[in-house]
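Q: So here's start.tsv, just TSV, C-alpha atoms:
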```tsv
chain	number	residue	atom	x	y	z
A	20	MET	CA	-69.00	24.01	44.72
A	21	ILE	CA	-70.64	27.38	44.38
A	22	ILE	CA	-69.11	30.35	42.63
A	23	LEU	CA	-70.89	33.67	42.56
A	24	GLY	CA	-74.06	31.90	43.79
A	25	VAL	CA	-74.24	29.60	40.67
A	26	SER	CA	-73.41	25.85	40.79
A	27	LEU	CA	-70.27	25.24	38.69
A	28	GLU	CA	-71.41	21.69	37.85
A	29	HIS	CA	-74.68	23.04	36.67
A	30	TYR	CA	-72.98	25.79	34.61
A	31	LEU	CA	-70.32	23.56	32.91
A	32	LYS	CA	-72.34	20.47	32.13
A	33	PRO	CA	-73.82	21.34	28.71
A	34	ASN	CA	-70.66	23.18	27.65
A	35	LEU	CA	-68.42	20.30	28.65
A	36	ARG	CA	-70.66	17.78	26.95
A	37	ILE	CA	-70.16	19.36	23.55
A	38	LEU	CA	-66.49	20.22	24.14
A	39	ILE	CA	-65.32	16.83	25.37
A	40	THR	CA	-65.64	14.85	22.09
A	41	PRO	CA	-63.75	17.24	19.75
A	42	LEU	CA	-61.14	17.85	22.43
A	43	LEU	CA	-60.62	14.13	22.95
A	44	LEU	CA	-60.44	13.65	19.20
A	45	ALA	CA	-57.86	16.44	18.97
A	46	LEU	CA	-55.83	14.79	21.71
A	47	ILE	CA	-56.04	11.40	20.01
A	48	ILE	CA	-54.95	12.95	16.68
A	49	LEU	CA	-52.07	14.70	18.41
A	50	PHE	CA	-51.00	11.52	20.19
A	51	LEU	CA	-51.31	9.43	17.01
A	52	GLY	CA	-49.48	12.09	15.03
A	53	PHE	CA	-46.62	12.13	17.51
A	54	PHE	CA	-46.48	8.32	17.63
A	55	ILE	CA	-46.62	7.92	13.83
A	56	VAL	CA	-44.09	10.66	13.05
A	57	LYS	CA	-41.65	9.54	15.75
A	58	ASN	CA	-41.84	5.86	14.83
A	59	GLY	CA	-41.93	6.49	11.12
A	60	MET	CA	-38.95	8.83	11.18
A	61	GLU	CA	-36.97	6.38	13.33
A	62	ARG	CA	-37.61	3.54	10.89
A	63	ILE	CA	-36.85	5.71	7.86
A	64	THR	CA	-33.65	7.05	9.45
A	65	PHE	CA	-32.55	3.48	10.21
A	66	LYS	CA	-33.28	2.40	6.63
A	67	LEU	CA	-31.47	5.46	5.26
A	68	GLU	CA	-28.40	4.64	7.34
A	69	GLU	CA	-28.57	1.05	6.13
A	70	LEU	CA	-28.84	2.29	2.54
A	71	GLU	CA	-25.92	4.68	3.03
A	72	ASN	CA	-23.73	1.89	4.41
A	73	LEU	CA	-24.74	-0.43	1.61
A	74	GLU	CA	-24.09	2.21	-1.02
A	75	SER	CA	-20.65	2.98	0.39
A	76	THR	CA	-19.80	-0.75	0.45
A	77	VAL	CA	-21.10	-1.11	-3.10
A	78	VAL	CA	-18.88	1.79	-4.24
A	79	THR	CA	-15.87	0.20	-2.50
A	80	LEU	CA	-16.60	-3.18	-4.03
A	81	GLN	CA	-17.15	-1.68	-7.47
A	82	GLU	CA	-13.79	0.14	-7.23
A	83	LYS	CA	-12.18	-3.11	-6.14
A	84	VAL	CA	-13.67	-5.00	-9.09
A	85	ASP	CA	-12.54	-2.23	-11.49
A	86	ILE	CA	-8.99	-2.27	-10.12
A	87	LEU	CA	-8.78	-6.06	-10.20
A	88	ARG	CA	-10.12	-6.20	-13.77
A	89	GLU	CA	-7.66	-3.48	-14.83
A	90	ILE	CA	-4.60	-5.28	-13.47
A	91	GLU	CA	-5.76	-8.82	-14.19
A	92	GLY	CA	-3.67	-9.09	-17.36
A	93	ILE	CA	-0.40	-7.71	-16.02
A	94	ILE	CA	-0.32	-8.74	-12.37
A	95	LEU	CA	1.01	-12.24	-13.03
A	96	SER	CA	4.16	-10.95	-14.71
A	97	HIS	CA	4.57	-8.30	-11.97
A	98	ALA	CA	4.26	-11.01	-9.33
A	99	ASP	CA	6.88	-13.07	-11.16
A	100	THR	CA	9.27	-10.10	-11.41
A	101	THR	CA	8.96	-9.13	-7.76
A	102	VAL	CA	9.20	-12.69	-6.46
A	103	VAL	CA	12.38	-13.28	-8.45
A	104	ALA	CA	13.80	-10.05	-6.97
A	105	ILE	CA	12.81	-10.95	-3.40
A	106	PRO	CA	12.17	-14.66	-3.11
A	107	GLU	CA	10.34	-16.40	-0.30
A	108	LYS	CA	13.16	-18.78	0.58
A	109	ASN	CA	16.84	-18.24	1.37
A	110	SER	CA	18.41	-16.74	-1.76
A	111	THR	CA	22.04	-17.28	-0.73
A	112	LEU	CA	22.54	-20.28	-3.01
A	113	VAL	CA	21.01	-18.50	-6.00
A	114	MET	CA	23.30	-15.54	-5.36
A	115	LEU	CA	26.37	-17.75	-5.04
A	116	THR	CA	25.50	-19.30	-8.41
A	117	HIS	CA	25.12	-15.82	-9.86
A	118	LEU	CA	28.47	-14.71	-8.40
A	119	THR	CA	30.18	-17.69	-10.00
A	120	SER	CA	28.60	-17.22	-13.43
A	121	VAL	CA	29.34	-13.47	-13.52
A	122	SER	CA	32.91	-14.07	-12.34
A	123	GLU	CA	33.41	-16.37	-15.35
A	124	GLU	CA	32.02	-13.68	-17.67
A	125	LYS	CA	34.30	-11.01	-16.23
A	126	SER	CA	37.40	-13.26	-15.93
A	127	VAL	CA	37.48	-12.94	-12.17
A	128	GLN	CA	38.65	-15.89	-10.16
A	129	ILE	CA	36.81	-16.66	-6.95
A	130	ILE	CA	39.16	-18.15	-4.39
A	131	ASN	CA	36.81	-18.46	-1.46
A	132	LYS	CA	33.10	-18.05	-0.68
A	133	ARG	CA	31.68	-17.81	2.80
A	134	THR	CA	28.18	-17.16	4.11
A	135	GLN	CA	27.32	-15.75	7.49
A	136	SER	CA	24.36	-15.93	9.81
A	137	GLN	CA	20.93	-14.64	8.86
A	138	GLN	CA	19.43	-11.51	10.28
A	139	ILE	CA	15.70	-10.93	10.55
A	140	GLY	CA	14.87	-7.32	9.83
A	141	GLU	CA	11.65	-5.32	9.88
A	142	GLU	CA	8.46	-6.64	8.31
A	143	GLY	CA	9.74	-10.16	7.77
A	144	LEU	CA	12.73	-9.22	5.63
A	145	VAL	CA	15.60	-11.64	6.18
A	146	SER	CA	19.19	-11.05	5.10
A	147	ALA	CA	22.38	-13.06	5.02
A	148	LYS	CA	25.97	-12.04	4.45
A	149	ILE	CA	28.18	-13.45	1.73
A	150	ASN	CA	31.93	-12.90	1.71
A	151	ILE	CA	33.99	-13.75	-1.33
A	152	ASN	CA	37.69	-13.51	-2.05
A	153	THR	CA	38.64	-12.88	-5.65
A	154	THR	CA	41.69	-12.29	-7.80
A	155	SER	CA	41.99	-10.68	-11.20
A	156	ASP	CA	43.14	-7.36	-12.60
A	157	PHE	CA	41.84	-4.18	-10.96
A	158	ASN	CA	39.42	-3.16	-13.73
A	159	SER	CA	37.91	-6.64	-14.11
A	160	ILE	CA	37.11	-6.74	-10.40
A	161	LEU	CA	35.51	-3.29	-10.64
A	162	ASP	CA	33.41	-4.41	-13.64
A	163	TYR	CA	32.45	-7.51	-11.72
A	164	LEU	CA	31.35	-5.42	-8.73
A	165	MET	CA	29.33	-3.08	-10.91
A	166	ASN	CA	27.32	-6.04	-12.18
A	167	LEU	CA	26.52	-7.48	-8.77
A	168	GLU	CA	23.70	-5.16	-7.76
A	169	ASP	CA	22.01	-5.49	-11.14
A	170	MET	CA	21.07	-9.05	-10.50
A	171	ALA	CA	18.01	-10.70	-9.07
A	172	PRO	CA	17.52	-11.56	-6.21
A	173	LEU	CA	18.27	-8.14	-4.75
A	174	SER	CA	21.56	-7.73	-2.95
A	175	THR	CA	23.63	-4.89	-1.56
A	176	ILE	CA	27.38	-4.40	-1.54
A	177	ASP	CA	28.41	-3.75	2.05
A	178	GLU	CA	32.17	-3.43	1.79
A	179	VAL	CA	34.94	-3.92	-0.74
A	180	ASP	CA	38.66	-4.26	-0.08
A	181	LEU	CA	40.97	-4.24	-3.06
A	182	SER	CA	44.70	-4.56	-2.91
A	183	LYS	CA	47.01	-4.57	-5.87
A	184	ASN	CA	50.16	-6.64	-5.93
A	185	GLY	CA	51.95	-6.19	-9.24
A	186	GLU	CA	49.46	-7.03	-12.02
A	187	ILE	CA	47.20	-9.06	-9.76
A	188	THR	CA	44.53	-7.49	-7.60
A	189	SER	CA	42.92	-9.40	-4.81
A	190	GLY	CA	39.53	-8.34	-3.57
A	191	ASN	CA	37.46	-9.14	-0.52
A	192	LEU	CA	33.79	-8.44	-1.06
A	193	ALA	CA	31.00	-8.42	1.50
A	194	LEU	CA	27.43	-8.57	0.20
A	195	SER	CA	24.00	-8.96	1.73
A	196	VAL	CA	21.24	-10.98	0.11
A	197	TYR	CA	17.57	-10.74	1.03
A	198	TRP	CA	14.38	-12.75	1.05
A	199	GLY	CA	11.11	-12.75	2.98
A	200	ASP	CA	8.00	-14.79	3.67
A	201	PHE	CA	4.97	-14.31	1.46
A	202	PRO	CA	1.96	-12.58	2.99
A	203	THR	CA	-0.44	-15.16	4.39
A	204	ARG	CA	-3.72	-13.24	4.41
A	205	ILE	CA	-5.65	-11.11	2.00
A	206	PRO	CA	-7.68	-8.19	3.36
A	207	PRO	CA	-11.42	-8.67	4.05
A	208	ILE	CA	-13.63	-8.60	0.95
A	209	THR	CA	-15.22	-5.26	1.85
A	210	GLU	CA	-11.88	-3.53	2.54
A	211	PRO	CA	-10.80	-1.18	-0.27
A	212	ILE	CA	-7.67	-2.00	-2.24
A	213	LYS	CA	-5.25	0.38	-3.87
A	214	THR	CA	-3.94	-0.10	-7.34
A	215	LEU	CA	-0.22	0.17	-8.06
A	216	THR	CA	1.07	3.71	-7.74
A	217	ALA	CA	3.37	5.38	-10.27
A	218	GLU	CA	6.33	4.86	-7.89
A	219	GLU	CA	5.49	1.19	-7.57
A	220	GLU	CA	5.21	0.84	-11.35
A	221	ASP	CA	8.66	2.46	-11.69
A	222	LEU	CA	10.06	0.09	-9.09
A	223	ILE	CA	8.62	-2.89	-11.00
A	224	LYS	CA	10.29	-1.60	-14.18
A	225	LEU	CA	13.58	-1.35	-12.26
A	226	LEU	CA	13.21	-4.88	-10.87
A	227	ALA	CA	12.30	-6.21	-14.32
A	228	LYS	CA	15.67	-5.00	-15.63
A	229	LEU	CA	17.59	-7.11	-13.10
A	230	LYS	CA	19.43	-10.08	-14.51
A	231	ARG	CA	17.63	-13.25	-13.55
A	232	PRO	CA	19.37	-16.37	-12.26
A	233	ASP	CA	20.08	-18.97	-14.92
A	234	PHE	CA	17.93	-21.88	-13.92
A	235	ILE	CA	18.42	-25.01	-15.89
A	236	GLU	CA	15.23	-26.17	-17.53
A	237	LEU	CA	15.06	-29.81	-18.42
A	238	ALA	CA	13.15	-30.36	-21.60
A	239	PRO	CA	10.78	-33.35	-21.50
A	240	SER	CA	12.29	-36.28	-23.37
A	241	THR	CA	10.48	-37.56	-26.39
A	242	PRO	CA	9.35	-41.20	-26.39
A	243	THR	CA	11.80	-43.56	-28.09
A	244	ILE	CA	11.24	-46.87	-29.80
A	245	ARG	CA	12.09	-49.65	-27.42
A	246	GLU	CA	13.86	-52.58	-28.91
A	247	ASN	CA	12.30	-56.00	-28.56
A	248	PRO	CA	14.51	-57.86	-26.07
A	249	PHE	CA	13.23	-61.31	-27.30
A	250	ARG	CA	14.32	-60.94	-30.84
B	16	MET	CA	-91.92	29.16	11.17
B	17	ALA	CA	-89.83	30.06	14.15
B	18	ALA	CA	-87.68	27.25	15.62
B	19	LEU	CA	-88.93	25.93	18.89
B	20	ASN	CA	-86.54	25.03	21.69
B	21	LEU	CA	-88.36	23.36	24.49
B	22	LEU	CA	-85.19	22.62	26.49
B	23	PRO	CA	-84.63	24.67	29.57
B	24	LYS	CA	-82.12	27.50	28.98
B	25	ASP	CA	-79.70	26.03	31.53
B	26	LEU	CA	-79.26	22.90	29.39
B	27	THR	CA	-78.23	24.71	26.16
B	28	PRO	CA	-74.51	25.46	25.78
B	29	LYS	CA	-73.23	29.00	25.59
B	30	GLN	CA	-72.84	30.52	22.11
B	31	GLY	CA	-69.13	31.17	22.67
B	32	VAL	CA	-68.52	27.54	23.58
B	33	VAL	CA	-70.41	26.40	20.48
B	34	ARG	CA	-68.12	28.55	18.35
B	35	VAL	CA	-65.02	27.15	20.07
B	36	VAL	CA	-66.31	23.61	19.51
B	37	GLY	CA	-66.83	24.38	15.84
B	38	PHE	CA	-63.29	25.68	15.59
B	39	ILE	CA	-61.86	22.61	17.35
B	40	LYS	CA	-63.81	20.34	15.02
B	41	LYS	CA	-62.32	22.12	12.04
B	42	ILE	CA	-58.83	21.69	13.53
B	43	ASP	CA	-59.63	18.01	14.14
B	44	MET	CA	-60.59	17.56	10.51
B	45	ILE	CA	-57.49	19.32	9.26
B	46	GLY	CA	-55.32	17.43	11.77
B	47	PHE	CA	-56.78	14.10	10.75
B	48	SER	CA	-56.24	14.86	7.06
B	49	VAL	CA	-52.66	15.94	7.73
B	50	LEU	CA	-52.11	12.79	9.80
B	51	ILE	CA	-53.35	10.56	7.00
B	52	ALA	CA	-51.21	12.45	4.49
B	53	ILE	CA	-48.12	12.11	6.72
B	54	LEU	CA	-48.84	8.41	7.21
B	55	VAL	CA	-49.12	7.86	3.45
B	56	ILE	CA	-45.92	9.85	2.79
B	57	LEU	CA	-44.01	7.97	5.50
B	58	ILE	CA	-45.18	4.56	4.29
B	59	GLY	CA	-44.35	5.52	0.69
B	60	LEU	CA	-40.92	6.80	1.67
B	61	TYR	CA	-40.21	3.71	3.75
B	62	LEU	CA	-41.19	1.38	0.91
B	63	TYR	CA	-39.11	3.38	-1.58
B	64	ILE	CA	-36.00	3.33	0.64
B	65	ASN	CA	-36.58	-0.35	1.37
B	66	SER	CA	-36.64	-1.13	-2.35
B	67	LYS	CA	-33.37	0.80	-2.75
B	68	VAL	CA	-31.84	-1.18	0.13
B	69	GLU	CA	-32.86	-4.45	-1.49
B	70	GLU	CA	-31.44	-3.26	-4.81
B	71	SER	CA	-28.13	-2.35	-3.12
B	72	GLN	CA	-28.02	-5.69	-1.34
B	73	THR	CA	-28.42	-7.50	-4.65
B	74	ARG	CA	-25.69	-5.37	-6.25
B	75	GLN	CA	-23.40	-6.01	-3.27
B	76	GLU	CA	-23.92	-9.77	-3.50
B	77	ASN	CA	-23.19	-9.72	-7.24
B	78	LEU	CA	-20.02	-7.69	-6.69
B	79	LYS	CA	-18.88	-10.08	-3.95
B	80	ILE	CA	-19.32	-12.97	-6.37
B	81	GLU	CA	-17.23	-11.05	-8.97
B	82	ILE	CA	-14.50	-10.33	-6.41
B	83	ALA	CA	-14.45	-13.97	-5.34
B	84	ALA	CA	-13.90	-14.88	-8.98
B	85	LEU	CA	-10.98	-12.41	-9.11
B	86	GLU	CA	-9.41	-13.69	-5.87
B	87	GLN	CA	-6.25	-14.93	-7.62
B	88	THR	CA	-5.65	-11.44	-9.00
B	89	GLU	CA	-6.14	-9.92	-5.56
B	90	VAL	CA	-3.74	-12.43	-4.00
B	91	ARG	CA	-1.13	-11.50	-6.62
B	92	LEU	CA	-1.68	-7.80	-6.05
B	93	VAL	CA	-1.19	-8.25	-2.29
B	94	LEU	CA	1.97	-10.27	-3.00
B	95	VAL	CA	3.33	-7.66	-5.42
B	96	LYS	CA	2.64	-4.83	-2.94
B	97	ASP	CA	4.40	-6.79	-0.18
B	98	ARG	CA	7.44	-7.54	-2.38
B	99	LEU	CA	7.62	-3.92	-3.55
B	100	LYS	CA	7.57	-2.67	0.05
B	101	LYS	CA	10.45	-5.03	0.85
B	102	ALA	CA	12.31	-4.04	-2.36
B	103	ASP	CA	11.94	-0.39	-1.42
B	104	ASP	CA	13.38	-1.14	2.05
B	105	ILE	CA	16.37	-2.92	0.46
B	106	LEU	CA	17.00	-0.18	-2.09
B	107	SER	CA	16.97	2.43	0.65
B	108	VAL	CA	19.77	0.59	2.47
B	109	ASN	CA	23.13	2.30	2.24
B	110	THR	CA	25.34	0.39	-0.15
B	111	ALA	CA	28.84	0.70	-1.48
B	112	LYS	CA	27.63	0.55	-5.08
B	113	ASP	CA	27.93	4.30	-5.58
B	114	GLU	CA	31.48	4.14	-4.26
B	115	VAL	CA	32.26	1.38	-6.77
B	116	THR	CA	30.85	3.52	-9.60
B	117	ASN	CA	32.88	6.52	-8.42
B	118	LEU	CA	36.04	4.45	-8.21
B	119	LYS	CA	35.44	3.16	-11.76
B	120	SER	CA	35.07	6.78	-12.95
B	121	LEU	CA	38.26	7.72	-11.14
B	122	THR	CA	40.26	4.89	-12.72
B	123	ASN	CA	39.16	6.14	-16.16
B	124	ILE	CA	40.68	9.59	-15.59
B	125	LEU	CA	43.82	8.65	-13.62
B	126	PRO	CA	46.85	10.44	-15.10
B	127	GLU	CA	49.77	8.46	-16.44
B	128	GLY	CA	52.11	7.29	-13.70
B	129	ALA	CA	49.36	7.12	-11.05
B	130	GLU	CA	48.13	3.76	-9.82
B	131	ILE	CA	45.60	2.72	-7.16
B	132	THR	CA	47.26	0.11	-4.99
B	133	LYS	CA	44.81	-0.24	-2.14
B	134	SER	CA	41.19	0.64	-1.79
B	135	ASN	CA	38.54	0.17	0.85
B	136	LEU	CA	34.99	0.95	-0.16
B	137	THR	CA	32.26	1.14	2.45
B	138	GLN	CA	28.66	2.33	2.41
B	139	VAL	CA	29.75	5.87	3.32
B	140	ASN	CA	33.20	6.52	1.91
B	141	THR	CA	36.26	5.28	0.05
B	142	THR	CA	39.80	5.08	1.31
B	143	LEU	CA	42.45	4.86	-1.37
B	144	THR	CA	46.19	4.46	-1.49
B	145	ILE	CA	47.56	5.79	-4.75
B	146	THR	CA	51.17	5.65	-5.87
B	147	VAL	CA	52.35	8.37	-8.21
B	148	ALA	CA	55.66	8.26	-10.10
B	149	ASN	CA	56.49	11.97	-10.15
B	150	SER	CA	55.37	15.36	-8.86
B	151	GLY	CA	53.89	16.31	-12.24
B	152	SER	CA	51.50	13.36	-12.11
B	153	LEU	CA	50.81	14.10	-8.47
B	154	SER	CA	49.69	17.66	-9.13
B	155	LYS	CA	47.67	16.47	-12.14
B	156	LEU	CA	45.99	13.82	-10.02
B	157	LEU	CA	45.03	16.24	-7.26
B	158	ALA	CA	43.74	18.75	-9.79
B	159	LEU	CA	41.66	16.04	-11.49
B	160	LEU	CA	40.28	14.82	-8.18
B	161	VAL	CA	38.94	18.27	-7.44
B	162	SER	CA	37.83	19.28	-10.93
B	163	SER	CA	36.18	15.99	-11.95
B	164	GLY	CA	33.45	16.38	-9.34
B	165	ILE	CA	33.32	12.63	-8.73
B	166	TYR	CA	33.82	13.12	-5.03
B	167	ARG	CA	32.14	15.67	-2.79
B	168	GLU	CA	34.86	15.48	-0.14
B	169	VAL	CA	38.55	14.75	-0.57
B	170	LYS	CA	40.71	14.33	2.50
B	171	LEU	CA	44.43	13.76	2.24
B	172	ASN	CA	45.37	11.46	5.10
B	173	SER	CA	49.08	11.10	4.31
B	174	LEU	CA	51.59	11.87	1.63
B	175	ASN	CA	54.86	9.90	1.56
B	176	TYR	CA	57.79	10.16	-0.76
B	177	ASN	CA	60.24	7.44	-1.59
B	178	GLN	CA	63.08	7.95	-4.02
B	179	LEU	CA	62.57	4.52	-5.62
B	180	THR	CA	58.78	4.25	-5.77
B	181	GLY	CA	57.79	7.90	-5.90
B	182	TYR	CA	54.86	9.43	-4.04
B	183	SER	CA	52.29	7.48	-2.07
B	184	LEU	CA	49.02	9.18	-1.07
B	185	SER	CA	46.38	7.99	1.32
B	186	LEU	CA	43.05	9.63	0.54
B	187	GLU	CA	39.65	9.51	2.15
B	188	LEU	CA	36.91	10.30	-0.36
B	189	ALA	CA	33.19	10.72	-0.02
B	190	GLY	CA	30.88	10.81	-3.05
```
For the structure just supplied, provide its representation as structure tokens.
A:
Amino acid sequence: MIILGVSLEHYLKPNLRILITPLLLALIILFLGFFIVKNGMERITFKLEELENLESTVVTLQEKVDILREIEGIILSHADTTVVAIPEKNSTLVMLTHLTSVSEEKSVQIINKRTQSQQIGEEGLVSAKININTTSDFNSILDYLMNLEDMAPLSTIDEVDLSKNGEITSGNLALSVYWGDFPTRIPPITEPIKTLTAEEEDLIKLLAKLKRPDFIELAPSTPTIRENPFR
Amino acid sequence: MAALNLLPKDLTPKQGVVRVVGFIKKIDMIGFSVLIAILVILIGLYLYINSKVEESQTRQENLKIEIAALEQTEVRLVLVKDRLKKADDILSVNTAKDEVTNLKSLTNILPEGAEITKSNLTQVNTTLTITVANSGSLSKLLALLVSSGIYREVKLNSLNYNQLTGYSLSLELAG
């Protein structure tokens, strides 16, 4: 190839010879630089993300430990209070026992007790209806009614019919009692938990004030001296 | 002594090219130094972050062991939260308890000669039948019903008069 009467090969040869090495070196440095920076940044970004995730999990776990340590001393009594208020099993019998004991306190005579079918509500809450027929004086029945919702397990008064005949008042009361299954699973270990809110604490205080059922506790009998039957 | 160059002139590179080559070599040197510096910084950074990751992993494992030791407390907390949610649902149910309380308040302020003979209390209202001996007691009763503020709404369903028993009122009340 001839340009302006001079051979290009002849013209470029010595120039190219001295240019080629530094140019190649520059290219290699550029390529290595690109490779190192790209790879290095990718690895560092990955590690940073891993660190960020770990740190956030550590914060969550630390909060969880703090909350659990904070409530460790009181949660057992709270669990007891709430379970008495809403038991796991059918609370109809407990309520019937309550109704009888309170009726004796308030001089109200229960003529008839009847329970109706159970209804399964939202979130595993089950309720059953109790109907009772009572007689007494008007004020005693009212006092009796006012005590009913202040007892554990929780119940609600649905309807009351009172009719006075001379000095005797007969009353038909309809109540609902509630219970529900215990939760079966705890959240995953890395899931955050929330401590009890102020509203929940107030609710626990309210539930703690409810009159508990009188369960009979049998005291263990002390050992006695057995007589020798061969004497 | 003057430098001798016995090479033919065609074989020596141009002065301009020699200068460019010198410049490229300088850039190569700088580039190489920068590359080494970047490499050292990246390796250092990687090792530092890696040590932090390992530290966090150890902390996480220790915390998991602590939480496992506190599992009973967590179970109780979950149980308490579940019971409280259910208790809240029950307490938000409409009940006739307020009506019972209102009726009790009403019986405490009933004027002489007035007597509640029938009452039906539901979750929303109260229906009462009250017998009143004379008109004086009747007007007193109605005035008390309004002024006491026990009930928000008072509806007179019927008013009967009998010469022997006096007045009989049927009222629908909402607290």
Q: Within 6 Å of chain B, which residues of chain A come that close, and what is the closest atom pair and distance in Å for each? Count all atoms listed in the file and give it as a tab-separated table.
A:
```
residue	atom	partner	partner_atom	distance
A:Pro33	CA	B:Pro28	CA	5.1
A:Asn34	CA	B:Pro28	CA	4.8
A:Leu38	CA	B:Val36	CA	5.7
A:Pro41	CA	B:Lys40	CA	5.7
A:Ala45	CA	B:Asp43	CA	5.4
A:Gly52	CA	B:Leu50	CA	5.9
A:Ile63	CA	B:Tyr61	CA	5.7
A:Leu70	CA	B:Val68	CA	5.2
A:Val77	CA	B:Gln75	CA	5.4
A:Glu91	CA	B:Thr88	CA	5.8
A:Ala98	CA	B:Val95	CA	5.2
A:Thr101	CA	B:Arg98	CA	5.8
A:Thr175	CA	B:Thr110	CA	5.7
A:Ile176	CA	B:Ala111	CA	5.3
A:Asp177	CA	B:Thr110	CA	5.6
A:Glu178	CA	B:Thr137	CA	4.6
A:Val179	CA	B:Leu136	CA	4.9
A:Asp180	CA	B:Asn135	CA	4.5
A:Leu181	CA	B:Ser134	CA	5.0
A:Ser182	CA	B:Lys133	CA	4.4
A:Lys183	CA	B:Thr132	CA	4.8
```
Q: Near Thr209 (chain A), within 8 Å and counting only C-alpha atoms, which residues show up once chain neighbours fewer than 2 positions away are dropped, as a PyMOL selection string?
A: chain A and resi 76+79-80+207+211
Q: Write the selection just made, keeping C-alpha atoms, as a PDB file, in the coordinates of the input?
A:
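Result saved to selection-v2.pdb:
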```pdb
ATOM      1  CA  THR A  76     -19.800  -0.750   0.450  1.00  0.00           C
ATOM      2  CA  THR A  79     -15.870   0.200  -2.500  1.00  0.00           C
ATOM      3  CA  LEU A  80     -16.600  -3.180  -4.030  1.00  0.00           C
ATOM      4  CA  PRO A 207     -11.420  -8.670   4.050  1.00  0.00           C
ATOM      5  CA  PRO A 211     -10.800  -1.180  -0.270  1.00  0.00           C
TER       6      PRO A 211
END
```
Q: Would you mind reading off the distance between CA of Val55 (chain B) and CA of Ile55 (chain A), one decimal, in Å?
A: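 Answer for the CA of Val55 (chain B) to CA of Ile55 (chain A) separation: 10.7 Å.
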Q: Let me have the centre and edge lengths in Å, one decimal, of the box along x, y and z around every listed atom of region 95-111 of chain B with 5 Å of margin on each side, as JSON.
A:
```
{"center_x": 15.7, "center_y": -2.6, "center_z": -1.5, "size_x": 36.2, "size_y": 20.1, "size_z": 17.9}
```
Q: Just want the 10 Å neighbourhood of Leu226 (chain A), counted on all atoms listed in the file, with same-chain residues fewer than 5 positions away dropped. Output as number ranges by chain.
A: A: 97, 100-105, 169-173, 220-221, 231; B: 99, 102
Q: Ranking A:Glu218, A:Gln138, A:Met165, A:Glu124 by minimum distance to Asn117 (chain B) and counting only C-alpha atoms, which one comes first?
A: A:Met165
Q: Enter the distance from CA of Gly190 (chain B) to CA of Asp162 (chain A), in Å, rounded to one decimal.
A: 18.7 Å
Q: What separation in Å, quoted to one decimal, exists between CA of Ile139 (chain A) and CA of Asn109 (chain A)?
A: 11.8 Å
Q: Contacts of Ser155 (chain A) at 8 Å or less, counting all atoms listed in the file, minus same-chain residues fewer than 6 places along, as a list of chain:residue names?
A: A:Ser126, A:Val127, A:Gln128, A:Ile187, A:Thr188, A:Ser189
Q: Have a look at A:Leu51, A:Phe157, A:Glu71, A:Thr203 and name the one nearest to Gly185 (chain A); count all atoms listed in the file.
A: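 For Gly185 (chain A), the nearest of the candidates is A:Phe157.
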Q: Which of these, A:Gln81, A:Thr153, A:Ser120, A:Ser146, has the shortest distance to Ile80 (chain B) once you count only C-alpha atoms?
A: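 That would be A:Gln81, the residue with the smallest distance to Ile80 (chain B).
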Q: Tyr163 (chain A): which residues within 7 Å, counting all atoms listed in the file, same-chain residues fewer than 5 positions away excluded, as a ChimeraX atom specification?
A: /A:121-122,125
Q: List the spatial neighbours of Leu159 (chain B) as a list in words - criterion: any atom at most 10 Å away, only C-alpha atoms, same-chain residues fewer than 4 positions off excluded.
A: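 Near neighbours after the sequence-gap exclusion: Leu121, Ile124, Leu125, Pro126, Leu153, Ser154, Lys155, Ser163, Gly164 and Ile165 of chain B.
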Q: For the residues selected in the previous step, produce a file with C-alpha atoms as a short mmCIF file (atom, residue, chain, number, x, y, z; two decimals), keeping the file's coordinate frame.
A:
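Output file selection.cif follows:
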```cif
data_model
loop_
_atom_site.label_atom_id
_atom_site.label_comp_id
_atom_site.auth_asym_id
_atom_site.auth_seq_id
_atom_site.Cartn_x
_atom_site.Cartn_y
_atom_site.Cartn_z
CA LEU B 121 38.26 7.72 -11.14
CA ILE B 124 40.68 9.59 -15.59
CA LEU B 125 43.82 8.65 -13.62
CA PRO B 126 46.85 10.44 -15.10
CA LEU B 153 50.81 14.10 -8.47
CA SER B 154 49.69 17.66 -9.13
CA LYS B 155 47.67 16.47 -12.14
CA SER B 163 36.18 15.99 -11.95
CA GLY B 164 33.45 16.38 -9.34
CA ILE B 165 33.32 12.63 -8.73
#
```
